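Participant: Pasting a structure below so you can have a look.
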Amino acid sequence: MTGSIAIINARVIDPANDRDFHGGVLIEDGLIAQVDETIDTTSAEEIIDAKGRILAPALIDLRVAREPGLTPDGETLETLCRGAAAGGIGTMVLAPNAVTPNDRPESLPSFSSETPVRVLTAAGATQGLHGEAMAELGLLSRAGAIYAGCGDQPINDTRTMRRVLAYASHLDLWVSARPADAHLSSDTVALESDWSARLGLPSEPGISERIAIERDASLAELSGGKLLIDRLSTASGLDALRHVRQRDIELASTVAIAHLVLNEIDAGDLDGAFRMTPPLRAETDRMALVEAIANGEINAVVSDHRPTPFDDKGEPFALAVPGTLAIETMLGSLLGLVHDGQLELMDALQVVTSGPADILGLPQGRLSPGTPADLILIDGDVPWVCDPDEFASPRGNSAWAGRRFQGRVLQTIVGGCTIHNYNA
Amino acid sequence: MTRADFSYEFPHRHLLSVADLNPLDISQLFERAEHWLQINRTPDKSSDALKGLTLLNLFFEASTRTQGSFEMAGKRLGADVVNFAMSNSSASKGESLSDTARTLAAMKPDIMVVRHPATGAPKFLADRTGLSVVNAGDGMHEHPTQALLDAFTLSRHWGEVGGHRILIVGDILHSRVARSNIGLLNILGAEVRLCAPPTLLPQDVDQWGVDVFHDLDAALEGCDAVMALRQQKERMSGGFVPSEREFFHLFGLTHERLERSSPDVLVMHPGPMNRGVEIHTKLADDPDISVILEQVESGVAVRMAVLELIGRNIRAVHRLEAEA
């Protein structure tokens with residue numbers, strides 16, 4: 001373990017304890033030893049002067065896609081961790097998807113403790129994510145899976161969904177499901193809107209989310225399961241969330257960063273970089289989601305980082321593989337909302353630190369003595385332009401390419417070790 | 001003729017969407033189409049308007065009439081025409097459209113005529129290759145030359161298309177012909193009506209500058225032209241109407257139903273036609289009312305006009321580059 005580090009002269013922001021003050025943090029043995037306005041630096045082996053910049057818990061990202069091992073030119077665990085560290089992420093969860101379904105205990109990647117970023121894995125809820133036969137959730141849970149996910153497609157069969165929720169409940173696993181009605185949303189690439197209708201794009205109505213949330217929440221209520229609504233994206237879905245929250249259900253919801261800062265008009269030129277699952281929504285949906293975050297209705301914001309080979313985007317919009325790189329731009333995007341006056345800094349950080357930590361019961365994501373020293377130092381003002389060539393990822397499919405950001409991570413510390421240093 | 005009108009030259013190197021055209025562009029196209037239409041009726045149809053240029057027909061969806069029409073148009077203008085039927089070639093071997101585009105562009109054609117099942121594919125190819133692209137149908141999005149030939153056919157009967165009432169009946173939802181026609185007829189100042197069951201209409205279509213009907217008899221009231229569209233079965237998943245015979249009884253065009261429309265009503269169909277589903281077979285063959293074969297004839301002439309004016313601009317760009 002490392003020796004003690006004192007970070008002083010910082011604007012300390014700790015959403016978990018709702019604190020925003022001028023002070024510092026003392027780190028000992030990889031844990032936070034002291035959080036206060038004045039830090040006793042006498043025993044510190046290293047003193048970092050934050051010069052008034054922001055000190056916050058390192059981010060926790062519940063949804064990152066891993067490329068299968070040995071993919072030519074693919075993103076590796078090493079580049080993924082490097083990108084995450086540069087984006088201020090201290091903990092990330094590899095969520096199941098079609099190419100890495102994580103549906104068998106032996107296929108669950110095992111990580112030595114050497115990864116600089118804490119890497120966790122979520123299990124596929126059904127075999128092959130086909131939504132039919134249940135995966136070995138018990139064994140997967142023992143192998144370290146921290147929640148069960150359904151990938152991009154909802155579990156179509158209501159009876160299967162009920163059983164997955166019921167079975168996962170005795171393992172105390174959250175079941176993460178994309179809120180979409182399988183029939184309304186199958187083979188669609190856009191939101192049903194004036195824009196997509198004029199372009200003749202196959203589209204899904206926003207109420208597809210509402211129907212799915214009502215269904216899944218009802219099943220969670222029936223079965224006693226814990227439902228994690230995976231990437232809520234519409235105002236209509238938000239209405240349903242508010243409605244089902246009135247009942248006694250263990251329920252949490254995430255939103256992908258793309259849906260907080262982009263809308264369907266960004267895809268207006270039919271650039272495949274803006275092809276996403278769920279698709280980008282209307283500006284009214286985006287504003288409703290931002291407001292929901294300010295109101296504390298959204299538990300976590302996820303990057304939904306997904307590297308795809310260039311050639312998969314070398315197709316017209318409707319045929320492009322969905323997904324965008326996002327780990328290195330998530331914090332910048334959130335800070336953009338803060339600079340624009342759409343979110344308070346505390347609210348923006350809460351959904352990427354203590355919010356996700358509280359869902360999964362992780363000790364990190366907060367600045368409390370005794371918890372892991374996962375911290376980031378942020379310059380909230382420094383301007384930069386997103387250039388995918390500068391990403392750690394060998395992929396370049398970023399929806400933010402060429403965008404201007406204000407504010408970036410200077411230093412990322414996980415377990416008391418510096419894993420990213422912008423100035424170095 | 002105003003001065004601006006007089007000196008205006010067709011500015012486009014592509015034809016991707018009817019929304020790119022203004023009324024002056026359209027009148028120039030129609031003027032040239034009329035010229036070619038008359039020449040096409042003589043035994044000496046050859047011209048050297050596109051001599052030396054290569055036209056690539058790139059069809060990712062099977063097509064007989066549109067591809068043949070473009071091929072004939074290109075050949076009559078003296079272009080070298082090459083047909084690539086992409087549905088059974090490299091696309092099925094896993095090559096991305098981006099790579100296909102670069103490969104074909106390296107063969108140095110001048111104009112690509114593209115039909116593709118995905119919205120935006122012609123524009124995608126235009127962006128990636130820098131070649132002139134004519135959209136011959138992209139997914140459910142647009143089919144601009146079909147709309148132009150429809151309006152040209154009507155203008156030959158009426159002089160002006162503006163001010164007339166035109167009804168489009170049938171599968172609007174899946175139809176790129178309908179989307180292009182709605183756009184073009186609005187530019188020309190026509191009154192556009194749509195009639196279909198709600199399952200075959202796009203969401204909020206009433207905001208597209210059209211009047212929407214579900215009752216064919218009401219929709220036909222006072223119409224100067226009616227365009228029937230077939231159901232695009234290849235783009236449908238699941239049932240949108242209960243049966244073909246029910247569709248015919250509710251939305252099929254017949255002589256009797258047309259009595260509500262204007263006495264000189266014209267009946268159009270972009271083809272292929274399903275007789276007895278969207279149009280009664282006798283009506284389709286009635287030479288006093290049906291202009292379906294005139295549409296086909298106009299098609300070649302309009303495509304010649306499009307290719308000629310685009311070809312002129314391609315040559316102009318080359319001249320400028322040579323001078324520079």
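Labels for the structure tokens follow display order: chains A, B, ..., residues from 1 in each chain, ligands from 1.
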Using only C-alpha atoms, which residues sit within 10 Å of His14 in chain B once same-chain residues fewer than 2 positions away are excluded, as a VMD selection string?

Facilitator: chain B and resid 11 to 12 16 to 17 20 111 to 113 122 to 123 126 131 to 135 306 to 307 309 to 311 313 to 314

Participant: How would the residues just picked look written out with C-alpha atoms as a CSV table (one decimal), in the first residue's frame?

Facilitator:
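Output file part18.csv follows:
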```csv
chain,number,residue,atom,x,y,z
B,11,PRO,CA,-26.9,24.7,-60.0
B,12,HIS,CA,-26.9,21.1,-58.8
B,16,LEU,CA,-30.7,13.6,-53.6
B,17,SER,CA,-34.0,15.1,-52.5
B,20,ASP,CA,-33.0,20.7,-52.9
B,111,ILE,CA,-22.5,10.0,-62.2
B,112,MET,CA,-23.8,7.3,-59.9
B,113,VAL,CA,-27.5,6.5,-59.9
B,122,PRO,CA,-27.2,8.2,-51.8
B,123,LYS,CA,-26.1,11.2,-49.7
B,126,ALA,CA,-22.0,11.5,-52.5
B,131,LEU,CA,-19.1,11.9,-57.4
B,132,SER,CA,-22.4,13.2,-58.7
B,133,VAL,CA,-25.2,11.1,-57.3
B,134,VAL,CA,-28.8,10.8,-58.4
B,135,ASN,CA,-31.1,9.2,-55.8
B,306,VAL,CA,-31.8,15.4,-64.9
B,307,LEU,CA,-28.7,13.7,-66.2
B,309,LEU,CA,-28.2,19.3,-66.5
B,310,ILE,CA,-26.1,17.5,-63.9
B,311,GLY,CA,-23.6,16.4,-66.7
B,313,ASN,CA,-22.3,21.0,-64.3
B,314,ILE,CA,-19.8,18.2,-64.0
```

Participant: Could you pull the residues within 12 Å of Glu244 in chain B, counting only C-alpha atoms, minus those fewer than 3 positions along the same chain, as a list in words?

Facilitator: Gly170, Arg230, Gln231, Lys233, Gly239, Phe240, Val241, Phe247, Phe248, His249, Leu250, Phe251, Gly252, Asn274, Arg275, Gly276, Val277, Glu278 and Ile279 of chain B

Participant: Using the selection just defined, write its residues with C-alpha atoms as a PDB file, in the first residue's frame.

Facilitator:
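After the write, selection.pdb holds the following:
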```pdb
ATOM      1  CA  GLY B 170     -52.633   3.901 -50.484  1.00  0.00           C
ATOM      2  CA  ARG B 230     -49.311  -0.178 -53.824  1.00  0.00           C
ATOM      3  CA  GLN B 231     -48.714  -1.677 -50.408  1.00  0.00           C
ATOM      4  CA  LYS B 233     -45.062  -5.626 -48.693  1.00  0.00           C
ATOM      5  CA  GLY B 239     -50.345  -6.822 -41.051  1.00  0.00           C
ATOM      6  CA  PHE B 240     -51.282  -3.215 -41.692  1.00  0.00           C
ATOM      7  CA  VAL B 241     -54.668  -3.982 -43.297  1.00  0.00           C
ATOM      8  CA  PHE B 247     -58.425  -2.677 -48.929  1.00  0.00           C
ATOM      9  CA  PHE B 248     -59.947  -2.648 -52.416  1.00  0.00           C
ATOM     10  CA  HIS B 249     -63.438  -2.056 -51.063  1.00  0.00           C
ATOM     11  CA  LEU B 250     -62.310   0.791 -48.829  1.00  0.00           C
ATOM     12  CA  PHE B 251     -59.430   2.388 -50.743  1.00  0.00           C
ATOM     13  CA  GLY B 252     -59.417   0.920 -54.260  1.00  0.00           C
ATOM     14  CA  ASN B 274     -51.603  -4.660 -58.105  1.00  0.00           C
ATOM     15  CA  ARG B 275     -54.772  -4.761 -60.168  1.00  0.00           C
ATOM     16  CA  GLY B 276     -57.834  -5.327 -58.078  1.00  0.00           C
ATOM     17  CA  VAL B 277     -56.123  -4.153 -54.872  1.00  0.00           C
ATOM     18  CA  GLU B 278     -55.470  -0.431 -55.132  1.00  0.00           C
ATOM     19  CA  ILE B 279     -56.936   0.099 -58.613  1.00  0.00           C
TER      20      ILE B 279
END
```

Participant: Please return, as a ChimeraX atom specification, all residues of chain B lying within 6 Å of chain A when only C-alpha atoms are considered.

Facilitator: /B:96-98,121,140-141,202

Participant: List the neighbours of range 281-288 of chain B out to 9 Å using only C-alpha atoms; skip same-chain residues closer than 6 positions along the sequence, and give me the result as an MDAnalysis selection string.

Facilitator: chainID B and resid 253:255 264 266:269 273:275

Participant: Nearest to Met276 in chain A: which of A:Thr160, A:Ser398, A:Pro369, A:Glu297 is it, counting only C-alpha atoms?

Facilitator: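 So, comparing all the options, the nearest one is A:Ser398.
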